Structures are given as structure tokens and as C-alpha cells.
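*Asks:* Take a look at the following structure, please.
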Amino acid sequence: MDDAPKVLAIASGGGHFVQLLRLMPAFEGTRLTVATTHAANRPEVDALAATLGFPRPDFKTVTEANRWQKLKLIKAVFDVARLITALRPDVIVTTGAAPGYLAIRLGRLFGARTIWLDSIANAEELSLSGKKAGDIADLWLTQWEHLSTDTGPKYRGSVV
Amino acid sequence: MIFLTLGSHQPFDRLVEALDHWATDRDVGNRIFGQITPHATYKPKAFEHRDLLDPSEYRERCKDATFIVSHAGMGTIITALTYRTPAVMMARRAHLGEMRNDHQVATAERFASRQELRFIMEAPELGPICDDLLANADRPDGDGIAPFAEDQLIGTVRDFIFR
């Protein structure tokens, strides 16, 4: 187990987090940390892990922010930086939004491989954070086939 | 109960007010519970409400609801489809300051074919659909959507992690 990959699965609360949890079976056999913006999501994560027969994942919270909330965004940068320097994940998987973008930006500095899965809510165009994060993520995915391009995101199915 | 939910972020007064008026007209306020976000400026008069709910209470209320009234947000769409709870969903609009862009309009178009979900753009459309859902609240037959992502997506993420 000690050589199992360390995975950080991170998303902001609400719809982004609902989508992240639908990827849970992909994390079987990893050393998993789940991070989001609401501590109240922990029981749901534990219940899901138990259903799948996983050991209880680590669970961390980071500040909720968007790019218009400068102070909160600075706090979120510190939260995510602290999380990544303590954890040193091998792989970061995110469904957005701001915390996921920060995790990809900062995680790369520490050698993590990264996946940005753009939200299924972005059916007509990619999110701004998705465009920025996608460019630097090792694997950039969209959940809508018509949004996949040769140089941009790939389509490999959706969370529903 | 009829469950109004707006997600955990921005308020959506246009929808709350429309439901409040319908509840008053039909005298069904005692059958509605609403989650209206901390920054709502319109407070419903006809029905009980709170700003935010814990995720577990939110899911229970979605599961048990006669029908859901909500914004066209992915969290509620996925949750409604999971429990096959009928829902009427109004897209937030950027030009009304309800969201930064019109992605909920695109979401509404993409999920319009789902049997459980009915999407609207304007507040006056809400009442007639609520009347209909109240009279015909039967859930569609069959199971909800699978609890996890499509196999192809799970496999892609897994292959990436273990490569």
C-alpha cells in the first residue's frame, strides 16, 4: 500500500463536488485524499468509500473562492499550497472550479501529474478556469463530445 | 413536500418569488420547504425556508420530495436523476445578474430530453408546471441513473493514475 499512488481528488462544493464523487471507483487501490470547500461533505465521502470497500480516505477542506474574491482567493492559494506541500500527491484529479485550478497550478510545481475534467455544466463552451487549467493539465477532458478538439480537451465519456 | 433549492452560491430571487406567488395562489405553502442561499433579498412569505442545508439533508429532501423546484445546476440535476424525482428547473441568466454567464441555458438544452426534468426560462412558466406536477406527481418507472460515471471515463482516469 505504501507504494500505491497518492491521489488528491479536489473540487469546490455543490455541483463540482457531486461530479468528483462520481469518479470514486477510479480511485480504488490508491492512497486517496478528498478535498473540498465544505466540511459537511465528509460523511458522504466516508459512506461512498465504505460502499465501495475502500479504506476511509483522508478528507481536507480548503477555502471557497472565485477569481472575483481576491482575499478569499489568496486564502485559498495558501490552503491549497499547504495541502499539496504536506501531501505531495502523485496525481491530482479535479472537476473544478477555483480550488481545482489552484491545485493543478501548484501541484505541477511539486511534480504531480494532473487531470482537469471540465464540468458537465459547460455544454456550450469550456469554462474560463477550464481553458486555463486544461492547457497546463497532463490530461484535459470535456464531458461533451462536440467540445473535444485535436489541440484541446478530449472526450472520454461523462459523469452521468 | 415540494423542495425548492438554489445551490450553495448565488441567490435566485426571481425563482423564489415566482414560487412564493404560486404557493399563495394555490394555498400550498405548508407543503413547500425552500433553501434560498444566504444572500437572498426576497424572503418567501408562504413557506418555510433556510439559507443552506447540510449535504445529507439536501439529498434526503431531494429524494423524498414530491417534486423539486430549482435552478438548472448540475448538482441538483444529477441528484434529481439519481432519485428520479420530478423537477422543474429555471435557468439563471447572466443579463439579470443571476450568474456570470448563460451556461445554465446550455445545460437546460442538453438535459431537456430527460423525462424527470422540465426546464423553463421565464418566471410565468413556473405556475402551470407546478400545477401539473402537483396533480401528476408519479415518478417515472425504473431506476435512477447509475451512481457513478460512465465506465469509459472511470477507466480513463484509472489508467492515467496507474500508468
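Convention: chains lettered A, B, ... in C-alpha cells order; per-chain residue numbering from 1; ligands numbered from 1 as shown.
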Among chain A, which ones does DSSP assign to strand (DSSP E) (computed from the backbone)? Answer as a count of residues only.
*Replies:* 30
*Asks:* Write out as a tab-separated table the residues of chain B that have any atom within 6 Å of an atom of chain A, one row each with the nearest atom pair and its distance in Å to one decimal, counting only C-alpha atoms, sorted by chain and then rising number.
*Replies:*
```
residue	atom	partner	partner_atom	distance
B:Met74	CA	A:Gly15	CA	5.1
B:Gly75	CA	A:Gly15	CA	3.7
B:Ala106	CA	A:Ala123	CA	5.7
B:Thr107	CA	A:Ala121	CA	5.7
B:Phe148	CA	A:Arg22	CA	4.3
B:Ala149	CA	A:Val159	CA	3.8
B:Glu150	CA	A:Val159	CA	5.9
B:Gln152	CA	A:Gly157	CA	5.8
B:Leu153	CA	A:Gly157	CA	5.0
B:Ile154	CA	A:Ala26	CA	5.1
B:Arg158	CA	A:Ala26	CA	4.8
```
*Asks:* Give me the residues within 9 Å of Pro44 (chain B) as a PyMOL selection string, counting only C-alpha atoms and dropping any in the same chain fewer than 2 places off.
*Replies:* chain B and resi 16-17+19-21+34+36+42+46-49
*Asks:* With N, CA and C atoms kept, could you save the residues just selected as a JSON list (two decimals), in the first residue's frame?
*Replies:*
```json
[["chain", "number", "residue", "atom", "x", "y", "z"],
["B", 16, "VAL", "N", -37.54, 32.27, -6.45],
["B", 16, "VAL", "CA", -38.15, 32.19, -5.12],
["B", 16, "VAL", "C", -39.47, 32.96, -5.11],
["B", 17, "GLU", "N", -39.46, 34.15, -5.71],
["B", 17, "GLU", "CA", -40.66, 34.99, -5.72],
["B", 17, "GLU", "C", -41.78, 34.32, -6.53],
["B", 19, "LEU", "N", -42.25, 31.15, -7.03],
["B", 19, "LEU", "CA", -42.81, 30.01, -6.28],
["B", 19, "LEU", "C", -43.65, 30.50, -5.11],
["B", 20, "ASP", "N", -43.22, 31.59, -4.49],
["B", 20, "ASP", "CA", -43.96, 32.15, -3.37],
["B", 20, "ASP", "C", -45.36, 32.58, -3.83],
["B", 21, "HIS", "N", -45.42, 33.21, -4.99],
["B", 21, "HIS", "CA", -46.72, 33.65, -5.53],
["B", 21, "HIS", "C", -47.60, 32.45, -5.86],
["B", 34, "GLY", "N", -38.03, 25.57, 1.38],
["B", 34, "GLY", "CA", -37.08, 26.19, 0.45],
["B", 34, "GLY", "C", -35.71, 26.41, 1.04],
["B", 36, "ILE", "N", -32.72, 28.94, 0.22],
["B", 36, "ILE", "CA", -32.74, 30.14, -0.62],
["B", 36, "ILE", "C", -31.40, 30.89, -0.70],
["B", 42, "TYR", "N", -35.13, 38.50, -1.55],
["B", 42, "TYR", "CA", -36.56, 38.17, -1.44],
["B", 42, "TYR", "C", -36.75, 36.99, -0.50],
["B", 46, "ALA", "N", -44.85, 32.56, 2.03],
["B", 46, "ALA", "CA", -45.83, 31.46, 2.09],
["B", 46, "ALA", "C", -45.25, 30.17, 2.64],
["B", 47, "PHE", "N", -43.92, 30.03, 2.62],
["B", 47, "PHE", "CA", -43.39, 28.73, 3.03],
["B", 47, "PHE", "C", -42.12, 28.85, 3.87],
["B", 48, "GLU", "N", -41.86, 27.80, 4.61],
["B", 48, "GLU", "CA", -40.69, 27.71, 5.49],
["B", 48, "GLU", "C", -39.42, 27.64, 4.65],
["B", 49, "HIS", "N", -38.34, 28.26, 5.15],
["B", 49, "HIS", "CA", -37.12, 28.26, 4.36],
["B", 49, "HIS", "C", -35.89, 28.43, 5.23]]
```
*Asks:* Restricting the calculation to only C-alpha atoms: of B:Phe111, B:Thr82, B:Met121, B:His95, which residue gets closest to Gly142 (chain B)?
*Replies:*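 Going through B:Phe111, B:Thr82, B:Met121, B:His95 one by one, the smallest distance to Gly142 (chain B) is for B:Thr82.
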*Asks:* Tell me, in Å to one decimal, how far CA of Thr33 (chain A) is from CA of Ala103 (chain A).
*Replies:*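 Straight-line distance from CA of Thr33 (chain A) to CA of Ala103 (chain A) works out to 12.8 Å.
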*Asks:* To test your reading of the structure, identify every residue in chain B that backbone DSSP assigns to alpha helix (DSSP H), and report it as a PyMOL selection string.
*Replies:* chain B and resi 13-26+55-64+74-83+103-111+126-135+151-162
*Asks:* What's the 12 Å shell around Ile104 (chain A), counting only C-alpha atoms, without same-chain residues fewer than 4 positions away, as a ChimeraX atom specification?
*Replies:* /A:8-11,77,80-81,84,89-100,108-117,129-130,132-140
*Asks:* Export N, CA and C atoms of the chosen residues as a compact mmCIF listing (two decimals), in the first residue's frame?
*Replies:*
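Final file, part.txt:
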```
# COMPACT_ATOMS: atom_id res chain seq x y z
N LEU A 8 -4.85 13.07 -4.98
CA LEU A 8 -5.65 14.16 -4.42
C LEU A 8 -6.82 14.41 -5.36
N ALA A 9 -8.04 14.14 -4.89
CA ALA A 9 -9.26 14.43 -5.64
C ALA A 9 -9.88 15.68 -5.03
N ILE A 10 -9.98 16.74 -5.81
CA ILE A 10 -10.36 18.04 -5.22
C ILE A 10 -11.37 18.77 -6.11
N ALA A 11 -12.36 19.39 -5.46
CA ALA A 11 -13.35 20.20 -6.18
C ALA A 11 -14.03 21.13 -5.19
N VAL A 77 -5.32 30.03 -2.04
CA VAL A 77 -3.98 29.69 -2.55
C VAL A 77 -3.14 29.09 -1.43
N VAL A 80 -4.48 25.55 -0.47
CA VAL A 80 -4.14 24.51 -1.46
C VAL A 80 -2.64 24.25 -1.44
N ALA A 81 -1.84 25.31 -1.28
CA ALA A 81 -0.38 25.15 -1.23
C ALA A 81 0.02 24.30 -0.03
N ILE A 84 -0.92 20.66 -0.64
CA ILE A 84 -0.07 19.95 -1.61
C ILE A 84 1.35 19.74 -1.08
N PRO A 89 1.06 14.80 -3.56
CA PRO A 89 0.33 13.79 -4.33
C PRO A 89 1.07 13.42 -5.62
N ASP A 90 0.92 12.15 -6.02
CA ASP A 90 1.43 11.73 -7.33
C ASP A 90 0.51 12.21 -8.45
N VAL A 91 -0.78 12.17 -8.14
CA VAL A 91 -1.78 12.52 -9.15
C VAL A 91 -2.83 13.44 -8.52
N ILE A 92 -3.23 14.48 -9.26
CA ILE A 92 -4.32 15.36 -8.83
C ILE A 92 -5.44 15.24 -9.86
N VAL A 93 -6.66 14.99 -9.35
CA VAL A 93 -7.83 14.90 -10.22
C VAL A 93 -8.82 15.95 -9.75
N THR A 94 -9.31 16.79 -10.67
CA THR A 94 -10.26 17.81 -10.27
C THR A 94 -11.36 18.00 -11.30
N THR A 95 -12.54 18.38 -10.79
CA THR A 95 -13.66 18.77 -11.64
C THR A 95 -13.93 20.28 -11.51
N GLY A 96 -12.96 21.03 -10.97
CA GLY A 96 -13.12 22.47 -10.83
C GLY A 96 -13.62 22.85 -9.44
N ALA A 97 -13.92 24.05 -9.16
CA ALA A 97 -13.56 25.15 -10.05
C ALA A 97 -12.26 25.77 -9.53
N ALA A 98 -12.32 26.88 -8.77
CA ALA A 98 -11.10 27.57 -8.34
C ALA A 98 -10.13 26.68 -7.56
N PRO A 99 -10.57 25.91 -6.56
CA PRO A 99 -9.60 25.08 -5.82
C PRO A 99 -8.90 24.07 -6.73
N GLY A 100 -9.64 23.55 -7.69
CA GLY A 100 -9.05 22.58 -8.63
C GLY A 100 -8.02 23.22 -9.54
N ARG A 108 1.69 20.94 -10.08
CA ARG A 108 2.70 20.74 -11.12
C ARG A 108 4.11 21.12 -10.62
N LEU A 109 4.14 22.15 -9.78
CA LEU A 109 5.44 22.59 -9.24
C LEU A 109 6.09 21.52 -8.39
N PHE A 110 5.23 20.64 -7.84
CA PHE A 110 5.75 19.56 -6.99
C PHE A 110 5.72 18.21 -7.69
N GLY A 111 5.62 18.25 -8.99
CA GLY A 111 5.78 17.03 -9.77
C GLY A 111 4.55 16.15 -9.89
N ALA A 112 3.39 16.65 -9.46
CA ALA A 112 2.18 15.83 -9.59
C ALA A 112 1.74 15.79 -11.05
N ARG A 113 1.20 14.63 -11.45
CA ARG A 113 0.52 14.55 -12.74
C ARG A 113 -0.93 14.95 -12.52
N THR A 114 -1.55 15.61 -13.50
CA THR A 114 -2.83 16.27 -13.22
C THR A 114 -3.90 15.97 -14.29
N ILE A 115 -5.13 15.84 -13.81
CA ILE A 115 -6.29 15.70 -14.69
C ILE A 115 -7.29 16.82 -14.41
N TRP A 116 -7.66 17.55 -15.43
CA TRP A 116 -8.77 18.51 -15.34
C TRP A 116 -9.95 17.94 -16.11
N LEU A 117 -11.02 17.63 -15.39
CA LEU A 117 -12.26 17.19 -16.02
C LEU A 117 -13.23 18.37 -16.00
N SER A 129 -11.79 28.85 -16.28
CA SER A 129 -10.78 28.13 -15.50
C SER A 129 -10.40 26.85 -16.22
N GLY A 130 -11.37 26.25 -16.92
CA GLY A 130 -11.09 25.02 -17.67
C GLY A 130 -10.10 25.26 -18.78
N LYS A 132 -7.85 27.63 -18.89
CA LYS A 132 -6.54 27.93 -18.31
C LYS A 132 -5.90 26.68 -17.70
N ALA A 133 -6.73 25.92 -16.96
CA ALA A 133 -6.20 24.73 -16.30
C ALA A 133 -5.91 23.64 -17.32
N GLY A 134 -6.78 23.54 -18.33
CA GLY A 134 -6.63 22.48 -19.32
C GLY A 134 -5.29 22.55 -20.02
N ASP A 135 -4.88 23.77 -20.30
CA ASP A 135 -3.62 23.97 -21.01
C ASP A 135 -2.41 23.43 -20.24
N ILE A 136 -2.51 23.46 -18.92
CA ILE A 136 -1.35 23.00 -18.14
C ILE A 136 -1.56 21.61 -17.54
N ALA A 137 -2.79 21.08 -17.61
CA ALA A 137 -3.04 19.74 -17.07
C ALA A 137 -2.44 18.70 -18.02
N ASP A 138 -2.01 17.57 -17.45
CA ASP A 138 -1.48 16.49 -18.28
C ASP A 138 -2.59 15.81 -19.07
N LEU A 139 -3.76 15.72 -18.47
CA LEU A 139 -4.91 15.14 -19.17
C LEU A 139 -6.06 16.12 -19.03
N TRP A 140 -6.59 16.57 -20.17
CA TRP A 140 -7.63 17.59 -20.20
C TRP A 140 -8.85 16.94 -20.84
```
*Asks:* Pick out the closest residue to Ala65 (chain B) from this set: B:Val105, B:Leu4, B:Met89, B:Leu96. Count only C-alpha atoms.
*Replies:*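 Using only C-alpha atoms, Ala65 (chain B) sits closest to B:Leu4.
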